[in-house]
Every structure is written in structure tokens, then in C-alpha cells.
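What follows is the content of protein-v3.txt, which has compact mmCIF, C-alpha atoms:
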# COMPACT_ATOMS: atom_id res chain seq x y z
CA MET D 273 145.95 164.42 74.42
CA LYS D 274 145.45 163.06 70.92
CA GLU D 275 141.77 162.76 70.01
CA GLU D 276 140.70 159.20 69.15
CA LYS D 277 138.81 158.81 65.87
CA VAL D 278 136.07 156.25 65.55
CA THR D 279 133.89 155.10 62.67
CA CYS D 280 130.10 154.66 62.58
CA LYS D 281 130.55 150.89 62.39
CA GLU D 282 132.67 150.88 65.54
CA VAL D 283 130.10 153.06 67.25
CA MET D 284 127.27 150.71 66.27
CA GLN D 285 129.18 147.77 67.68
CA HIS D 286 129.93 149.71 70.85
CA ILE D 287 126.26 150.67 71.26
CA CYS D 288 125.20 147.07 71.00
CA GLU D 289 127.89 145.91 73.38
CA SER D 290 127.54 148.48 76.07
CA LEU D 291 124.03 149.88 76.07
CA ARG D 292 123.17 150.55 79.73
CA GLU D 293 126.74 149.94 80.87
CA ASP D 294 128.54 152.76 82.65
CA LEU D 295 131.70 153.41 80.71
CA ASN D 296 134.05 156.34 80.97
CA SER D 297 137.18 155.24 79.14
CA GLU D 298 138.99 157.48 76.66
CA ARG D 299 137.45 155.42 73.88
CA CYS D 300 133.97 155.97 75.28
CA VAL D 301 134.53 159.69 75.43
CA ALA D 302 135.50 159.59 71.73
CA ILE D 303 132.43 157.51 70.95
CA LYS D 304 130.13 159.89 72.84
CA LYS D 305 131.63 162.79 70.90
CA HIS D 306 131.08 160.96 67.62
CA ILE D 307 127.45 160.22 68.53
CA ASP D 308 126.82 163.87 69.39
CA GLU D 309 127.85 164.80 65.87
CA CYS D 310 126.47 161.89 63.85
CA SER D 311 122.74 161.67 63.11
CA GLY D 312 123.14 158.15 61.67
CA CYS D 313 124.55 156.85 64.94
CA GLN D 314 121.94 158.75 66.96
CA ASN D 315 119.29 157.06 64.85
CA TYR D 316 120.97 153.70 65.43
CA ILE D 317 120.89 154.15 69.22
CA GLU D 318 117.24 155.17 69.11
CA THR D 319 116.27 152.17 67.02
CA VAL D 320 118.18 149.69 69.19
CA GLU D 321 116.41 151.18 72.22
CA LEU D 322 113.05 150.97 70.42
CA THR D 323 113.70 147.35 69.47
CA ILE D 324 114.26 146.49 73.14
CA ASP D 325 111.22 148.50 74.14
CA TYR D 326 108.95 146.72 71.66
CA TYR D 327 109.95 143.32 73.02
CA ARG D 328 109.62 144.54 76.60
CA LYS D 329 106.04 145.69 76.04
CA TYR D 330 104.93 142.59 74.16
CA ASN D 331 103.51 140.53 77.04
CA VAL D 332 100.94 137.82 77.51
CA GLU D 333 98.58 137.38 80.46
CA LEU D 334 98.27 134.08 82.26
CA SER D 335 94.60 133.10 82.15
CA ASP D 336 92.67 132.03 85.27
CA ASP D 337 92.22 128.59 83.71
CA ALA D 338 95.97 128.22 83.16
CA HIS D 339 96.55 129.28 86.78
CA ASP D 340 94.02 126.66 87.98
CA ARG D 341 95.67 123.96 85.86
CA LEU D 342 99.06 124.89 87.34
CA MET D 343 97.82 124.65 90.93
CA LYS D 344 96.18 121.31 90.18
CA PHE D 345 99.35 120.05 88.46
CA LEU D 346 101.35 120.95 91.57
CA ASP D 347 98.67 119.69 93.97
CA LEU D 348 98.45 123.11 95.62
CA GLU D 349 95.50 125.21 96.68
CA ASP D 350 95.01 128.95 96.40
CA GLY D 351 95.35 130.73 99.71
CA ASP D 352 93.45 133.80 100.89
CA MET X 81 105.23 138.42 104.55
CA GLU X 82 108.81 138.80 103.28
CA GLU X 83 109.92 136.46 100.51
CA THR X 84 112.71 134.99 102.66
CA GLU X 85 110.11 133.97 105.27
CA LEU X 86 107.90 132.43 102.61
CA ILE X 87 110.86 130.48 101.24
CA ALA X 88 111.80 129.21 104.71
CA LEU X 89 108.21 128.14 105.39
CA ALA X 90 107.90 126.47 101.98
CA GLN X 91 111.21 124.66 102.52
CA ALA X 92 109.79 123.38 105.82
CA GLY X 93 106.80 121.92 103.98
CA ASP X 94 104.21 124.70 104.33
CA LYS X 95 102.01 124.28 101.24
CA LYS X 96 100.30 127.65 101.64
CA ALA X 97 103.68 129.40 101.53
CA LEU X 98 104.64 127.34 98.50
CA ALA X 99 101.38 128.25 96.76
CA LYS X 100 102.03 131.93 97.49
CA LEU X 101 105.51 131.72 95.98
CA VAL X 102 104.11 130.04 92.87
CA LYS X 103 101.43 132.71 92.58
CA ASN X 104 103.99 135.49 92.97
CA TYR X 105 106.07 134.22 90.03
CA GLU X 106 103.63 132.41 87.71
CA GLN X 107 102.94 135.45 85.51
CA THR X 108 106.65 136.26 85.16
CA ILE X 109 107.60 132.69 84.30
CA TYR X 110 104.71 132.20 81.86
CA ASN X 111 105.48 135.46 80.11
CA PHE X 112 109.18 134.63 79.86
CA ALA X 113 108.47 131.13 78.53
CA PHE X 114 106.11 132.64 75.94
CA LYS X 115 108.75 135.12 74.85
CA ILE X 116 111.21 132.29 74.27
CA CYS X 117 108.92 129.82 72.50
CA ARG X 118 106.28 132.26 71.07
CA ASN X 119 103.50 129.75 71.69
CA LYS X 120 100.94 129.85 74.54
CA ASN X 121 100.51 126.07 74.90
CA LYS X 122 104.24 125.46 75.02
CA ALA X 123 104.66 128.37 77.43
CA GLU X 124 102.09 126.85 79.79
CA HIS X 125 103.81 123.46 79.62
CA ILE X 126 107.20 125.05 80.36
CA MET X 127 105.69 127.04 83.25
CA GLN X 128 104.26 123.85 84.78
CA GLU X 129 107.58 122.02 84.42
CA THR X 130 109.45 124.98 85.89
CA PHE X 131 107.32 125.10 89.03
CA TYR X 132 107.38 121.32 89.34
CA SER X 133 111.20 121.55 89.35
CA MET X 134 110.99 124.38 91.88
CA VAL X 135 108.78 122.36 94.22
CA LYS X 136 111.09 119.34 93.94
CA SER X 137 114.32 121.22 94.56
CA LEU X 138 113.37 124.22 96.69
CA HIS X 139 115.17 122.58 99.63
CA GLN X 140 118.41 123.07 97.65
CA PHE X 141 117.86 126.81 97.22
CA ASP X 142 120.50 128.41 99.44
CA GLY X 143 119.61 132.08 99.05
CA ASN X 144 122.94 132.96 97.44
CA SER X 145 121.05 134.36 94.46
CA LYS X 146 117.61 135.93 94.26
CA LEU X 147 114.75 133.43 93.98
CA SER X 148 113.83 135.10 90.69
CA THR X 149 117.32 134.47 89.24
CA TRP X 150 117.13 130.85 90.39
CA LEU X 151 113.72 130.48 88.72
CA TYR X 152 115.01 132.10 85.54
CA ARG X 153 117.75 129.47 85.49
CA ILE X 154 115.18 126.68 85.78
CA VAL X 155 112.82 128.10 83.17
CA SER X 156 115.75 128.77 80.80
CA ASN X 157 116.82 125.12 81.10
CA HIS X 158 113.31 123.91 80.36
CA CYS X 159 113.07 126.21 77.33
CA LEU X 160 116.39 124.91 76.01
CA MET X 161 115.37 121.30 76.59
CA LEU X 162 112.16 121.85 74.62
CA ALA X 163 114.02 123.65 71.83
CA ARG X 164 116.49 120.76 71.55
CA LYS X 165 113.62 118.31 71.17
CA LEU X 166 112.43 120.33 68.16
CA LYS X 167 115.68 119.82 66.27
CA ASN X 168 114.22 120.38 62.82
CA ARG X 169 114.36 124.16 63.23
CA SER X 170 117.34 126.02 61.82
CA PHE X 171 118.41 129.42 63.10
CA VAL X 172 120.36 132.30 61.71
CA SER X 173 124.12 132.27 62.31
CA LEU X 174 125.50 135.35 64.02
CA ASP X 175 129.13 134.36 63.44
CA ASP X 176 129.62 137.06 60.81
CA GLU X 177 129.74 139.92 63.24
CA ASP X 178 130.80 142.47 60.63
CA GLY X 179 127.60 141.93 58.66
CA LEU X 180 125.56 142.93 61.67
CA TYR X 181 126.78 146.50 61.54
CA GLU X 182 126.57 147.13 57.82
CA GLU X 183 123.02 148.34 57.65
CA LYS X 184 122.83 150.55 54.60
CA TYR X 185 119.14 151.37 54.61
CA THR X 186 117.53 152.89 57.62
CA ALA X 187 113.76 153.04 57.78
CA ASP X 188 112.17 156.06 59.35
CA TRP X 189 110.95 154.54 62.59
CA ASN X 190 109.29 157.80 63.61
CA THR X 191 106.62 157.54 60.92
CA LEU X 192 105.64 153.92 61.51
CA PRO X 193 101.89 153.36 61.44
CA TYR X 194 102.10 151.15 64.53
CA LYS X 195 103.68 152.49 67.66
CA SER X 196 101.90 150.15 70.03
CA THR X 197 102.71 146.50 70.63
CA GLU X 198 98.94 145.92 70.69
CA ASN X 199 99.17 146.18 66.90
CA GLU X 200 98.86 142.67 65.43
CA GLU X 201 101.06 143.47 62.42
CA LEU X 202 103.86 144.59 64.72
CA LYS X 203 103.47 141.45 66.84
CA VAL X 204 103.99 139.31 63.74
CA ILE X 205 107.14 141.27 62.85
CA LEU X 206 108.48 140.88 66.41
CA ASP X 207 107.67 137.14 66.45
CA GLU X 208 109.25 136.48 63.06
CA ALA X 209 112.42 138.39 63.91
CA ILE X 210 113.10 136.72 67.25
CA GLU X 211 112.20 133.26 65.96
CA LYS X 212 115.18 133.48 63.62
CA LEU X 213 117.49 133.69 66.63
CA SER X 214 118.59 130.45 68.24
CA PRO X 215 117.14 129.96 71.75
CA GLU X 216 120.60 130.51 73.25
CA TYR X 217 120.76 134.07 71.86
CA ARG X 218 117.06 134.70 72.45
CA MET X 219 117.43 133.84 76.10
CA ILE X 220 120.29 136.23 76.72
CA PHE X 221 118.48 139.12 75.01
CA LEU X 222 115.28 138.44 76.93
CA LEU X 223 116.89 137.98 80.33
CA ARG X 224 119.15 141.01 80.10
CA ASP X 225 117.17 143.52 78.08
CA VAL X 226 113.55 142.51 78.45
CA GLU X 227 113.43 141.07 81.97
CA GLY X 228 116.03 143.55 83.18
CA LEU X 229 118.48 141.18 84.88
CA SER X 230 122.01 142.49 85.32
CA THR X 231 124.79 141.02 83.18
CA GLU X 232 125.98 139.09 86.25
CA GLU X 233 122.50 137.71 86.99
CA THR X 234 122.07 136.74 83.34
CA ALA X 235 125.38 134.88 83.50
CA GLN X 236 124.21 133.11 86.68
CA ALA X 237 120.85 132.17 85.19
CA THR X 238 122.39 130.77 82.01
CA GLU X 239 125.58 129.39 83.57
CA LEU X 240 127.63 131.31 81.01
CA SER X 241 130.63 133.59 81.54
CA ILE X 242 130.02 137.34 81.64
CA ALA X 243 132.06 137.67 78.43
CA ALA X 244 129.85 135.12 76.67
CA VAL X 245 126.71 136.92 77.85
CA LYS X 246 127.98 140.25 76.54
CA SER X 247 129.01 138.77 73.22
CA ARG X 248 125.67 137.05 72.62
CA LEU X 249 123.76 140.08 73.84
CA HIS X 250 125.28 142.61 71.48
CA ARG X 251 124.90 140.28 68.50
CA ALA X 252 121.26 139.60 69.36
CA ARG X 253 120.54 143.33 69.78
CA ALA X 254 122.12 144.20 66.45
CA PHE X 255 120.42 141.32 64.65
CA LEU X 256 116.93 142.12 65.98
CA ARG X 257 117.29 145.83 65.30
CA ASN X 258 118.31 145.06 61.71
CA GLU X 259 115.44 142.61 61.23
CA LEU X 260 112.90 145.19 62.41
CA ASN X 261 114.54 147.86 60.29
CA ARG X 262 114.19 145.65 57.19
CA ALA X 263 110.58 144.81 58.01
CA PHE X 264 109.72 148.47 58.54
CA GLN X 265 111.09 149.37 55.11
CA LYS X 266 108.55 147.12 53.38
I need this file expressed as C-alpha cells, please.
Amino acid sequence: MKEEKVTCKEVMQHICESLREDLNSERCVAIKKHIDECSGCQNYIETVELTIDYYRKYNVELSDDAHDRLMKFLDLEDGD
Amino acid sequence: MEETELIALAQAGDKKALAKLVKNYEQTIYNFAFKICRNKNKAEHIMQETFYSMVKSLHQFDGNSKLSTWLYRIVSNHCLMLARKLKNRSFVSLDDEDGLYEEKYTADWNTLPYKSTENEELKVILDEAIEKLSPEYRMIFLLRDVEGLSTEETAQATELSIAAVKSRLHRARAFLRNELNRAFQK
């Protein structure tokens, strides 16, 4: 079987398209091989993952006052 | 009590069940609204409108999707409606896909002084980066990557095709990663 060659740019695009997707095509095998050997692409994956992680961890808490205003707005009462 | 029982009771007019459903989802909806509009007052307003819509139309919920996906659809619509009212904002265009993958300078993310999202400087960087994205792209990134919905659920919540979700998602990921990379080089 002829080995498929891919460039860093194609790998970056692939990472952004298919992060967390389960892919096993011939092209994906070539991309995985490229990533194993390319520190730039490994860094790119890590930083895309970190980007997602930063946004995932950046949360805000609903205050008790905001909860009370919501229940009042909806004419509902807190249960037990 | 199981959620399906709570929904059935709420649909039959049980206010305690309705209040419990609201309580179960208020934090999620508020947090999501904040992540879209990056403003606590607007997020609270969107949360109130979302639950008001839920109360009004819960009888139409048929259980074909999860309640959470249904609520994400409602809150997404309210976020988009608010964004369209604030028309004076302009957002970055992600049409030039090639430009998204030509990042020549890579900051060393391992030596960043702030690793925690409790860091105020990092919060500003995260806010500024995502605010450049139009709400349509922001929403897809947040639903799929941050809230953890599947691609199919994200498509359901936004009423977009799976192909459109994937396309917007990978552009948003690449754009945000590049924005943070640039900010971290400074």
C-alpha cells in the first residue's frame, strides 16, 4: 500500500475538524503517523486541547439573589 | 425522582415539579448564557427568558430529545435574539479558512505564568478572544466543546446540519487557539 503524505497545515485542519471524533480511515492513519513524528503538530494538538479546557473551566456561579429573582419572575416557589 | 416523572408532573401543572426542573438547570443555563454574552446582567436576563419560554411551552416537549438539549435550543435562540438587537457589533470573518492554519509563531504554553482560569489576566484574554467570534460560531464551540454535547445534539440545538456544525466548530477552534497563542506571545 502506498503511504499517504500529509502536510502540517492539513494536519492542523484535520485536528480542528475531528478532535474527539473516532476516525480510522487510511488518511487518518497517515495523519496519526505524521503527528507521532512532528513536534509542531503535537504542540498544535496540545494547544487546541488547552484552549478548549480554558473555556470549559471558566464558569460563573448563579447567586442566591439571582435564583430568587428567577423564581419570582416565574411565579414559582422553592420546594424542600 | 426521575427527570421523566418530573417532566410529566410539570406538564400536568405541578408547580413543585416545575420549580425542581428549573432549579436543576438554572446554573447550567446561566453559565451557558454568560459564556455566550460575557456579561452577568445579560446572562441573567437570558436565563429568565429561557425558563419563561420553557414554562410556556413545556407541554410541547415530546421527549424525543433530552430536556437539556431542548433547553440549549431555547437558550441559544434567546442569545441570538439578543445579539441581533445589538447590531452595532462587528465580528471577525472566518471565511478565509487557509489563514486559520498558517500560524507561524507558537508561544510556549508550558511556561505561561497563569495556568488557572481563576487568573484575571487569563479571563480577559479568553473574553477578548471569544468576543471576536460571531455568536453563531461561539454557540457551536460552546455547545460542542465546552458543554460537551455530541455533534448531533449540537445540530439539534442549533437547528443546523451536522456538516454546518462541523465546519463552524473547526473554524472556531482554530481561531480561538490562534488568538490565545498571539496573546500569550505578548
Checklist entry - What are the residues of chain X that have an atom within 9 Å of an atom of chain D, counting all atoms listed in the file, as a PyMOL selection string? => result chain X and resi 95-100+102-103+106-107+110-112+114-115+120+124+127-128+131-132+135+178+180-182+186+189+195-198+202-203+206+221-222+225-227+246-247+249-254+256-258+260-261
Checklist outcome for this item: If you count all atoms listed in the file, the residue of X:Leu174, X:Ala90, X:Ala163, X:Ile242 closest to X:Pro215 turns out to be X:Ala163
Listed atoms of stretch 91-101 of chain X, axis-aligned box, 4 Å per side: centre and edge lengths to one decimal in Å, as JSON?
{"center_x": 105.8, "center_y": 126.9, "center_z": 100.9, "size_x": 18.9, "size_y": 18.0, "size_z": 17.8}
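Atom CA of X:Glu232 is found 10.7 Å from atom CA of X:Ser145.
Across the model, the gap from atom CA of X:Cys159 to atom CA of X:Leu229 is 17.6 Å.
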Next on the checklist: Residues within 7 Å of (107.8, 134.1, 98.6), file coordinates, counting all atoms listed in the file: what are they? Give the list as a PyMOL selection string.
Outcome noted: chain X and resi 82-84+86-87+97+100-101+104
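For the atom pair formed by atom CA of X:Asp142 and atom CA of X:Asn157, the distance is 19.0 Å, given to one decimal.
Remark: for X:Glu211, the closest of the candidate residues X:Glu233, X:Asp175, X:Asp188, X:Glu259 is X:Glu259 (distances computed over all atoms listed in the file).
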Checklist entry - Counting only C-alpha atoms, which residues come within 10 Å of (117.3, 138.2, 84.7), with the point read in the file's coordinates, and could you list them as JSON, numbers by chain? => result {"X": [146, 148, 149, 150, 151, 152, 153, 219, 220, 221, 222, 223, 224, 225, 226, 227, 228, 229, 230, 231, 232, 233, 234, 235, 236, 237, 238]}
